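Just my_file_28.pdb here, PDB, C-alpha atoms:
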```
ATOM      1  CA  MET A   5     102.638 162.039 106.442
ATOM      2  CA  ARG A   6     105.258 161.330 109.073
ATOM      3  CA  ARG A   7     105.251 157.639 108.085
ATOM      4  CA  ILE A   8     105.867 158.576 104.431
ATOM      5  CA  LEU A   9     108.831 160.770 105.378
ATOM      6  CA  LEU A  10     110.261 158.008 107.524
ATOM      7  CA  PHE A  11     109.826 155.548 104.684
ATOM      8  CA  LEU A  12     111.678 157.866 102.254
ATOM      9  CA  LEU A  13     114.565 158.160 104.693
ATOM     10  CA  LEU A  14     114.785 154.378 104.913
ATOM     11  CA  ILE A  15     114.755 153.696 101.158
ATOM     12  CA  PRO A  16     118.602 153.278 100.967
ATOM     13  CA  LEU A  17     118.294 150.366 103.368
ATOM     14  CA  LEU A  18     115.721 148.483 101.328
ATOM     15  CA  THR A  19     118.312 146.783  99.137
ATOM     16  CA  GLN A  20     120.226 145.599 102.176
ATOM     17  CA  ALA A  21     116.986 144.461 103.809
ATOM     18  CA  THR A  22     116.357 141.956 101.057
ATOM     19  CA  ASP A  23     119.265 139.830 102.297
ATOM     20  CA  ASP A  24     119.630 140.968 105.906
ATOM     21  CA  VAL A  25     117.105 139.504 108.338
ATOM     22  CA  ALA A  26     117.877 141.906 111.171
ATOM     23  CA  VAL A  27     117.539 145.012 108.968
ATOM     24  CA  THR A  28     114.280 143.760 107.465
ATOM     25  CA  LEU A  29     112.748 143.166 110.890
ATOM     26  CA  ALA A  30     113.852 146.602 112.086
ATOM     27  CA  LEU A  31     112.353 148.298 109.054
ATOM     28  CA  ILE A  32     109.037 146.509 109.363
ATOM     29  CA  GLN A  33     108.743 147.250 113.060
ATOM     30  CA  ALA A  34     109.632 150.911 112.496
ATOM     31  CA  THR A  35     107.312 151.606 109.580
ATOM     32  CA  ARG A  36     104.514 149.073 109.987
ATOM     33  CA  PRO A  37     103.449 148.831 113.663
ATOM     34  CA  ASP A  38     100.139 147.386 112.425
ATOM     35  CA  VAL A  39     101.936 144.196 111.324
ATOM     36  CA  GLU A  40     103.046 141.523 113.766
ATOM     37  CA  VAL A  41     105.996 139.587 112.426
ATOM     38  CA  ILE A  42     107.216 136.057 113.022
ATOM     39  CA  GLU A  43     110.679 135.156 111.840
ATOM     40  CA  ASP A  44     109.459 132.321 109.617
ATOM     41  CA  HIS A  45     107.254 134.570 107.483
ATOM     42  CA  PHE A  46     108.379 138.102 106.721
ATOM     43  CA  SER A  47     109.973 140.049 103.889
ATOM     44  CA  SER A  48     110.765 143.585 102.875
ATOM     45  CA  ALA A  49     107.575 143.435 100.769
ATOM     46  CA  MET A  50     105.654 144.056 103.982
ATOM     47  CA  LEU A  51     106.991 147.636 103.890
ATOM     48  CA  LEU A  52     105.207 148.296 100.617
ATOM     49  CA  ILE A  53     101.798 146.759 101.362
ATOM     50  CA  ALA A  54      99.007 148.997 102.532
ATOM     51  CA  PRO A  55      97.518 148.271 105.973
ATOM     52  CA  GLY A  56      94.762 145.678 105.748
ATOM     53  CA  ASP A  57      96.058 144.083 102.551
ATOM     54  CA  LYS A  58      97.236 140.488 102.510
ATOM     55  CA  ILE A  59     100.823 139.546 101.797
ATOM     56  CA  SER A  60     101.545 136.437  99.745
ATOM     57  CA  GLU A  61     104.957 134.837 100.240
ATOM     58  CA  GLY A  62     105.367 131.470  98.555
ATOM     59  CA  ASN A  63     102.431 129.337  99.658
ATOM     60  CA  THR A  64     101.839 131.267 102.897
ATOM     61  CA  GLU A  65      99.307 134.056 103.272
ATOM     62  CA  THR A  66      99.841 136.456 106.131
ATOM     63  CA  SER A  67      97.321 139.132 107.107
ATOM     64  CA  LYS A  68      98.010 142.384 108.890
ATOM     65  CA  THR A  69      97.719 140.489 112.197
ATOM     66  CA  SER A  70     100.216 137.798 111.183
ATOM     67  CA  SER A  71     101.527 135.723 114.072
ATOM     68  CA  ILE A  72     101.855 132.098 115.067
ATOM     69  CA  ARG A  73      98.360 130.777 115.583
ATOM     70  CA  TYR A  74      98.032 128.259 118.393
ATOM     71  CA  PRO A  75      95.083 125.891 118.003
ATOM     72  CA  HIS A  76      93.393 124.676 121.155
ATOM     73  CA  PHE A  77      95.432 121.475 121.327
ATOM     74  CA  LEU A  78      93.832 118.575 123.159
ATOM     75  CA  SER A  79      95.799 116.474 125.616
ATOM     76  CA  PRO A  80      97.032 113.321 123.814
ATOM     77  CA  LEU A  81      96.199 111.216 126.884
ATOM     78  CA  ASN A  82      92.877 110.793 128.647
ATOM     79  CA  ILE A  83      94.578 110.554 132.031
ATOM     80  CA  PRO A  84      96.179 113.266 134.204
ATOM     81  CA  LEU A  85      99.422 114.317 132.547
ATOM     82  CA  ARG A  86     102.688 113.713 134.405
ATOM     83  CA  ILE A  87     105.900 114.779 132.683
ATOM     84  CA  THR A  88     108.779 112.346 133.086
ATOM     85  CA  SER A  89     111.159 114.121 130.695
ATOM     86  CA  PRO A  90     110.553 117.720 129.535
ATOM     87  CA  PHE A  91     111.348 119.539 126.311
ATOM     88  CA  SER A  92     115.012 120.419 126.934
ATOM     89  CA  LEU A  93     118.645 119.430 126.663
ATOM     90  CA  ARG A  94     118.950 116.308 128.789
ATOM     91  CA  TRP A  95     121.224 113.451 129.761
ATOM     92  CA  HIS A  96     119.998 110.547 127.624
ATOM     93  CA  PRO A  97     119.503 107.470 129.860
ATOM     94  CA  LEU A  98     120.367 104.992 127.096
ATOM     95  CA  MET A  99     122.909 106.868 124.963
ATOM     96  CA  GLN A 100     124.726 108.140 128.083
ATOM     97  CA  ARG A 101     125.339 111.633 126.737
ATOM     98  CA  PHE A 102     123.649 115.019 126.598
ATOM     99  CA  SER A 103     121.295 115.459 123.658
ATOM    100  CA  PRO A 104     118.328 117.699 122.789
ATOM    101  CA  HIS A 105     114.968 116.219 123.760
ATOM    102  CA  GLU A 106     112.615 117.755 121.197
ATOM    103  CA  GLY A 107     109.442 116.415 122.722
ATOM    104  CA  THR A 108     107.777 115.809 126.046
ATOM    105  CA  ASP A 109     107.571 112.393 127.705
ATOM    106  CA  PHE A 110     104.355 111.700 129.596
ATOM    107  CA  ALA A 111     103.950 108.802 131.999
ATOM    108  CA  ALA A 112     101.408 106.348 130.600
ATOM    109  CA  PRO A 113     100.794 102.717 131.515
ATOM    110  CA  ARG A 114     101.020 100.329 128.585
ATOM    111  CA  LEU A 115      97.903 100.350 126.370
ATOM    112  CA  THR A 116      96.631 103.753 127.522
ATOM    113  CA  PRO A 117      94.586 105.265 124.636
ATOM    114  CA  VAL A 118      96.488 107.946 122.712
ATOM    115  CA  LEU A 119      94.342 110.702 121.193
ATOM    116  CA  ALA A 120      94.800 112.990 118.196
ATOM    117  CA  THR A 121      95.529 116.418 119.632
ATOM    118  CA  GLU A 122      93.745 118.117 116.714
ATOM    119  CA  LYS A 123      92.007 117.156 113.474
ATOM    120  CA  GLY A 124      94.237 116.409 110.526
ATOM    121  CA  ILE A 125      95.623 113.830 108.114
ATOM    122  CA  VAL A 126      97.911 110.965 109.105
ATOM    123  CA  GLU A 127     101.228 111.501 107.311
ATOM    124  CA  GLU A 128     103.085 108.536 108.812
ATOM    125  CA  ALA A 129     102.018 105.454 110.734
ATOM    126  CA  MET A 130     104.872 102.998 110.915
ATOM    127  CA  SER A 131     107.683 101.516 112.980
ATOM    128  CA  HIS A 132     111.254 102.733 113.511
ATOM    129  CA  PRO A 133     114.167 101.226 115.485
ATOM    130  CA  THR A 134     114.444 104.348 117.660
ATOM    131  CA  ALA A 135     110.925 105.825 117.677
ATOM    132  CA  GLY A 136     109.231 102.427 117.832
ATOM    133  CA  ASN A 137     105.667 102.406 116.552
ATOM    134  CA  TYR A 138     104.848 106.036 115.807
ATOM    135  CA  VAL A 139     102.287 108.321 114.158
ATOM    136  CA  VAL A 140     102.702 111.767 112.554
ATOM    137  CA  ILE A 141      99.602 113.910 111.916
ATOM    138  CA  ARG A 142      99.484 117.046 109.734
ATOM    139  CA  HIS A 143      97.145 119.685 111.166
ATOM    140  CA  PRO A 144      95.834 122.992 109.762
ATOM    141  CA  LEU A 145      97.903 126.201 109.937
ATOM    142  CA  GLY A 146     101.264 124.486 109.479
ATOM    143  CA  TRP A 147     101.204 122.334 112.613
ATOM    144  CA  ARG A 148     102.227 118.689 113.007
ATOM    145  CA  SER A 149     102.114 116.322 115.956
ATOM    146  CA  ARG A 150     104.152 113.160 116.596
ATOM    147  CA  TYR A 151     103.394 110.251 118.911
ATOM    148  CA  LEU A 152     106.254 107.811 119.624
ATOM    149  CA  HIS A 153     106.847 104.431 121.311
ATOM    150  CA  LEU A 154     103.263 103.208 120.801
ATOM    151  CA  ASP A 155     102.386  99.619 121.590
ATOM    152  CA  ARG A 156     100.020  99.509 118.629
ATOM    153  CA  ILE A 157      98.685 101.857 115.934
ATOM    154  CA  THR A 158      95.003 102.091 114.984
ATOM    155  CA  VAL A 159      95.195 104.529 112.042
ATOM    156  CA  ALA A 160      96.699 104.375 108.559
ATOM    157  CA  THR A 161      98.725 106.769 106.430
ATOM    158  CA  GLY A 162      96.482 109.171 104.501
ATOM    159  CA  GLN A 163      93.540 108.747 106.854
ATOM    160  CA  GLU A 164      91.599 111.854 107.853
ATOM    161  CA  ILE A 165      90.987 111.928 111.581
ATOM    162  CA  GLU A 166      89.026 114.064 113.976
ATOM    163  CA  ARG A 167      90.244 115.726 117.138
ATOM    164  CA  GLY A 168      90.219 113.290 120.058
ATOM    165  CA  LYS A 169      90.202 110.121 117.919
ATOM    166  CA  VAL A 170      92.148 107.178 119.325
ATOM    167  CA  ILE A 171      95.176 106.751 117.047
ATOM    168  CA  GLY A 172      96.959 104.062 119.053
ATOM    169  CA  TYR A 173      97.907 102.820 122.499
ATOM    170  CA  SER A 174     100.941 103.776 124.566
ATOM    171  CA  GLY A 175     103.766 101.312 124.884
ATOM    172  CA  ASN A 176     107.494 100.745 125.168
ATOM    173  CA  THR A 177     108.618 100.135 121.574
ATOM    174  CA  GLY A 178     111.821 101.446 120.040
ATOM    175  CA  ARG A 179     114.584 102.987 122.137
ATOM    176  CA  SER A 180     112.736 103.370 125.412
ATOM    177  CA  THR A 181     113.310 102.604 129.087
ATOM    178  CA  GLY A 182     109.654 101.972 129.984
ATOM    179  CA  PRO A 183     106.028 102.519 128.921
ATOM    180  CA  HIS A 184     105.319 106.192 128.162
ATOM    181  CA  LEU A 185     104.242 108.571 125.401
ATOM    182  CA  HIS A 186     106.779 110.816 123.683
ATOM    183  CA  PHE A 187     104.732 113.690 122.242
ATOM    184  CA  GLU A 188     105.887 116.471 119.908
ATOM    185  CA  LEU A 189     104.296 119.560 118.375
ATOM    186  CA  MET A 190     105.937 121.272 115.383
ATOM    187  CA  TYR A 191     105.116 124.553 113.677
ATOM    188  CA  HIS A 192     106.404 124.734 110.087
ATOM    189  CA  GLY A 193     109.064 122.172 111.014
ATOM    190  CA  GLN A 194     110.152 123.900 114.226
ATOM    191  CA  THR A 195     109.628 121.825 117.364
ATOM    192  CA  MET A 196     107.765 123.592 120.179
ATOM    193  CA  ASP A 197     107.413 122.957 123.911
ATOM    194  CA  SER A 198     104.172 120.992 123.701
ATOM    195  CA  ALA A 199     103.552 120.995 127.458
ATOM    196  CA  LYS A 200     102.911 124.749 127.273
ATOM    197  CA  LEU A 201     100.393 124.419 124.444
ATOM    198  CA  LEU A 202      98.153 121.616 125.652
ATOM    199  CA  SER A 203      94.704 122.090 127.111
ATOM    200  CA  ALA A 204      93.033 119.704 129.498
ATOM    201  CA  SER A 205      90.928 116.927 128.066
ATOM    202  CA  GLU A 206      87.399 118.058 127.294
ATOM    203  CA  THR A 207      85.816 114.913 128.636
ATOM    204  CA  ASP A 208      85.888 113.213 131.994
ATOM    205  CA  THR A 209      85.204 109.854 130.399
ATOM    206  CA  VAL A 210      88.207 107.583 130.673
ATOM    207  CA  LEU A 211      88.531 105.472 127.566
ATOM    208  CA  PRO A 212      89.116 101.766 128.149
ATOM    209  CA  ALA A 213      92.542 100.341 127.529
ATOM    210  CA  ALA A 214      92.996  97.992 124.626
ATOM    211  CA  ALA A 215      91.617  94.544 125.214
ATOM    212  CA  VAL A 216      94.335  92.322 126.617
ATOM    213  CA  SER A 217      93.940  88.653 127.340
ATOM    214  CA  PRO A 218      94.837  87.778 130.934
ATOM    215  CA  PRO A 219      98.190  86.021 131.169
ATOM    216  CA  LYS A 220      97.962  82.265 131.035
ATOM    217  CA  PRO A 221      99.187  80.453 134.133
ATOM    218  CA  ALA A 222     102.574  78.836 133.734
ATOM    219  CA  VAL A 223     102.484  75.083 133.135
ATOM    220  CA  PRO A 224     105.237  72.501 132.624
ATOM    221  CA  LYS A 225     106.173  71.776 129.017
ATOM    222  CA  ILE A 226     107.865  68.807 127.378
ATOM    223  CA  ILE A 227     110.770  70.283 125.451
ATOM    224  CA  LEU A 228     112.280  67.176 123.843
ATOM    225  CA  VAL A 229     112.638  63.425 124.023
ATOM    226  CA  THR A 230     116.118  62.006 124.503
ATOM    227  CA  GLU A 231     117.919  58.878 125.664
ATOM    228  CA  ILE A 232     119.820  58.790 128.940
ATOM    229  CA  GLY A 233     121.610  55.630 130.123
ATOM    230  CA  GLY A 234     119.842  53.572 127.498
ATOM    231  CA  GLN A 235     116.396  54.749 128.674
ATOM    232  CA  GLU A 236     114.070  57.109 126.877
ATOM    233  CA  LYS A 237     113.462  60.295 128.838
ATOM    234  CA  VAL A 238     111.630  63.582 128.285
ATOM    235  CA  MET A 239     113.012  66.963 129.242
ATOM    236  CA  VAL A 240     110.368  68.970 131.115
ATOM    237  CA  LYS A 241     110.741  72.704 131.759
ATOM    238  CA  TYR A 242     108.735  74.672 134.330
ATOM    239  CA  LYS A 243     109.337  78.164 135.777
ATOM    240  CA  GLY A 244     112.988  78.175 134.761
ATOM    241  CA  LYS A 245     113.703  74.684 136.056
ATOM    242  CA  THR A 246     114.443  71.644 133.901
ATOM    243  CA  ILE A 247     114.183  67.945 134.826
ATOM    244  CA  TYR A 248     114.330  64.641 132.936
ATOM    245  CA  ALA A 249     111.653  62.016 133.538
ATOM    246  CA  GLY A 250     110.438  58.725 132.115
ATOM    247  CA  ALA A 251     106.930  57.470 131.415
ATOM    248  CA  ASN A 252     104.580  57.349 134.427
ATOM    249  CA  GLN A 253     106.859  59.553 136.525
ATOM    250  CA  THR A 254     105.446  62.488 138.497
ATOM    251  CA  VAL A 255     107.124  65.824 137.879
ATOM    252  CA  PHE A 256     106.879  69.139 139.734
ATOM    253  CA  GLY A 257     104.467  67.617 142.228
ATOM    254  CA  HIS A 258     101.245  67.869 140.226
ATOM    255  CA  TYR A 259     101.962  66.447 136.776
ATOM    256  CA  LYS A 260     102.530  62.943 135.470
ATOM    257  CA  VAL A 261     104.357  61.966 132.294
ATOM    258  CA  LEU A 262     102.201  59.669 130.144
ATOM    259  CA  LEU A 263     103.142  57.782 126.987
ATOM    260  CA  GLN A 264     100.152  57.184 124.717
ATOM    261  CA  ASN A 265     100.223  56.022 121.113
ATOM    262  CA  GLY A 266     103.923  56.709 120.910
ATOM    263  CA  ARG A 267     103.594  60.320 122.117
ATOM    264  CA  TYR A 268     104.450  61.842 125.487
ATOM    265  CA  ARG A 269     102.171  64.268 127.261
ATOM    266  CA  LEU A 270     101.732  65.710 130.726
ATOM    267  CA  TYR A 271      98.654  64.906 132.800
ATOM    268  CA  LYS A 272      97.690  67.186 135.683
ATOM    269  CA  LEU A 273      96.884  65.248 138.826
ATOM    270  CA  SER A 274      93.729  66.248 140.691
TER     271      SER A 274
END
```
Kindly return the structure encoded in the file as structure tokens.
Amino acid sequence: MRRILLFLLLIPLLTQATDDVAVTLALIQATRPDVEVIEDHFSSAMLLIAPGDKISEGNTETSKTSSIRYPHFLSPLNIPLRITSPFSLRWHPLMQRFSPHEGTDFAAPRLTPVLATEKGIVEEAMSHPTAGNYVVIRHPLGWRSRYLHLDRITVATGQEIERGKVIGYSGNTGRSTGPHLHFELMYHGQTMDSAKLLSASETDTVLPAAAVSPPKPAVPKIILVTEIGGQEKVMVKYKGKTIYAGANQTVFGHYKVLLQNGRYRLYKLS
């Protein structure tokens, strides 16, 4: 009965509430303590709905316990997380000015497996001059996650993926100062501090890094054939050094220039 009387007293404010966010929130909190309100999803219609009923606003359904729902987000890396740049206003190391950093940077050696933080559908998997190779995943309940500066991507746009699936490998692509993972979580388009929402990895198994061929040892290379002082010479380059040599000459201590069938090649001496 008291709630009805209070509601009747507040009727003159209902018209103003339609366009005034602050008044609407005050009315809902005063008359409907059973409803939790988030600023993205509320309206004066909540004042007129009986407790327990569902409220439909656009494409969003909100129950009497409406609030932001936080899924149990998995860590995007299968290694201990170390934040190198938090979610904040920061001095940008490349742009040399203060700018909002709407994600969290985690230290990650190149080719560390990057995991989907929750099941969903890949919305974007492409390359960008600033973000480098990146992936965006749409999750249930209005959430999205973004993974930037990847060395390589292993999923495709439109692909359905499970929680914990490898979607790529960390790298240093785009506008970046070193290998790391820039990770973002968004709720209905609003970026959130992802570091506060992540749970530890559910497995102690460390996934292997992407297969990488061991670097080939440096060897001298014949760059071109030219004529110097009326004699045919080859230009040989090795570890940043360049020399000119003729046929049967030894270069860089362990290689000999050979001319066979009109073509020059280098022979490694035993």
For this session: For the file shown, report as a list in words the outcome of the PyMOL selection byres ((chain A and resi 80) around 6) at residue level.
Result: Ser79, Leu81, Val118, Leu119 and Thr121 of chain A
Exercise. A:Ala199, A:Met190, A:Gly182, A:Gly124: which is nearest Gln163 in chain A, counting all atoms listed in the file?
Worked result: A:Gly124
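All residues of protein, DNA or RNA that reach within 7 Å of range 166-181 of chain A, judged by all atoms listed in the file and not counting those fewer than 5 positions away in the chain, are Ala112, Arg114, Leu115, Thr116, Pro117, Val118, Leu119, Ala120, Thr121, Glu122, Lys123, Gly124, His132, Pro133, Thr134, Ala135, Gly136, Asn137, His153, Leu154, Asp155, Arg156, Ile157, Thr158 and Val159 of chain A.
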Exercise. What is the CA of Ile125 in chain A-CA of Ser149 in chain A distance in Å, reported with one decimal?
Worked result: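 Interatomic distance, CA of Ile125 in chain A to CA of Ser149 in chain A: 10.5 Å.
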Problem set entry | Atom pair CA of Lys245 in chain A / CA of Leu262 in chain A: separation (Å) | 19.8 Å
For this session: Go through A:Leu152, A:Val255, A:Val140, A:Leu185 and flag the residue nearest Ile83 in chain A, using only C-alpha atoms for the distances.
Result: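 The closest residue to Ile83 in chain A is A:Leu185.
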For this session: Write out as a list in words each polymer residue whose atoms come within 8 Å of Pro224 in chain A, counting all atoms listed in the file; drop sequence neighbours fewer than 6 positions from it.
Result: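 Residues meeting the cut-off are Val240, Lys241, Tyr242, Lys243 and Leu270 of chain A.
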For this session: Rounded to one decimal place, report the CA of His186 in chain A-CA of Thr108 in chain A distance in Å.
Result: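 Going from CA of His186 in chain A over to CA of Thr108 in chain A, I get 5.6 Å.
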Centre, edges in Å (one decimal): axis-aligned box, range 109-127 of chain A, 3 Å padding on all six sides, as lines of an AutoDock Vina configuration file:
```
center_x = 99.8
center_y = 109.2
center_z = 119.7
size_x = 21.6
size_y = 23.8
size_z = 30.7
```
Show me, as a short mmCIF file (atom, residue, chain, number, x, y, z; two decimals) with C-alpha atoms, in the frame of the given file, the residues that have an atom within 10 Å of Asp197 in chain A when counting only C-alpha atoms, minus same-chain residues fewer than 2 positions from it.
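Once everything was written out, this is part_15.cif:
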```cif
data_model
loop_
_atom_site.label_atom_id
_atom_site.label_comp_id
_atom_site.auth_asym_id
_atom_site.auth_seq_id
_atom_site.Cartn_x
_atom_site.Cartn_y
_atom_site.Cartn_z
CA PRO A 90 110.55 117.72 129.54
CA PHE A 91 111.35 119.54 126.31
CA SER A 92 115.01 120.42 126.93
CA GLU A 106 112.62 117.76 121.20
CA GLY A 107 109.44 116.42 122.72
CA THR A 108 107.78 115.81 126.05
CA PHE A 187 104.73 113.69 122.24
CA GLU A 188 105.89 116.47 119.91
CA LEU A 189 104.30 119.56 118.38
CA MET A 190 105.94 121.27 115.38
CA THR A 195 109.63 121.82 117.36
CA ALA A 199 103.55 121.00 127.46
CA LYS A 200 102.91 124.75 127.27
CA LEU A 201 100.39 124.42 124.44
CA LEU A 202 98.15 121.62 125.65
#
```
Exercise. For Tyr271 in chain A, which residue out of A:Leu85, A:Ala251, A:Leu78, A:Met130 is the nearest one, using only C-alpha atoms?
Worked result: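 Checking each candidate against Tyr271 in chain A, we get A:Ala251 as the closest.
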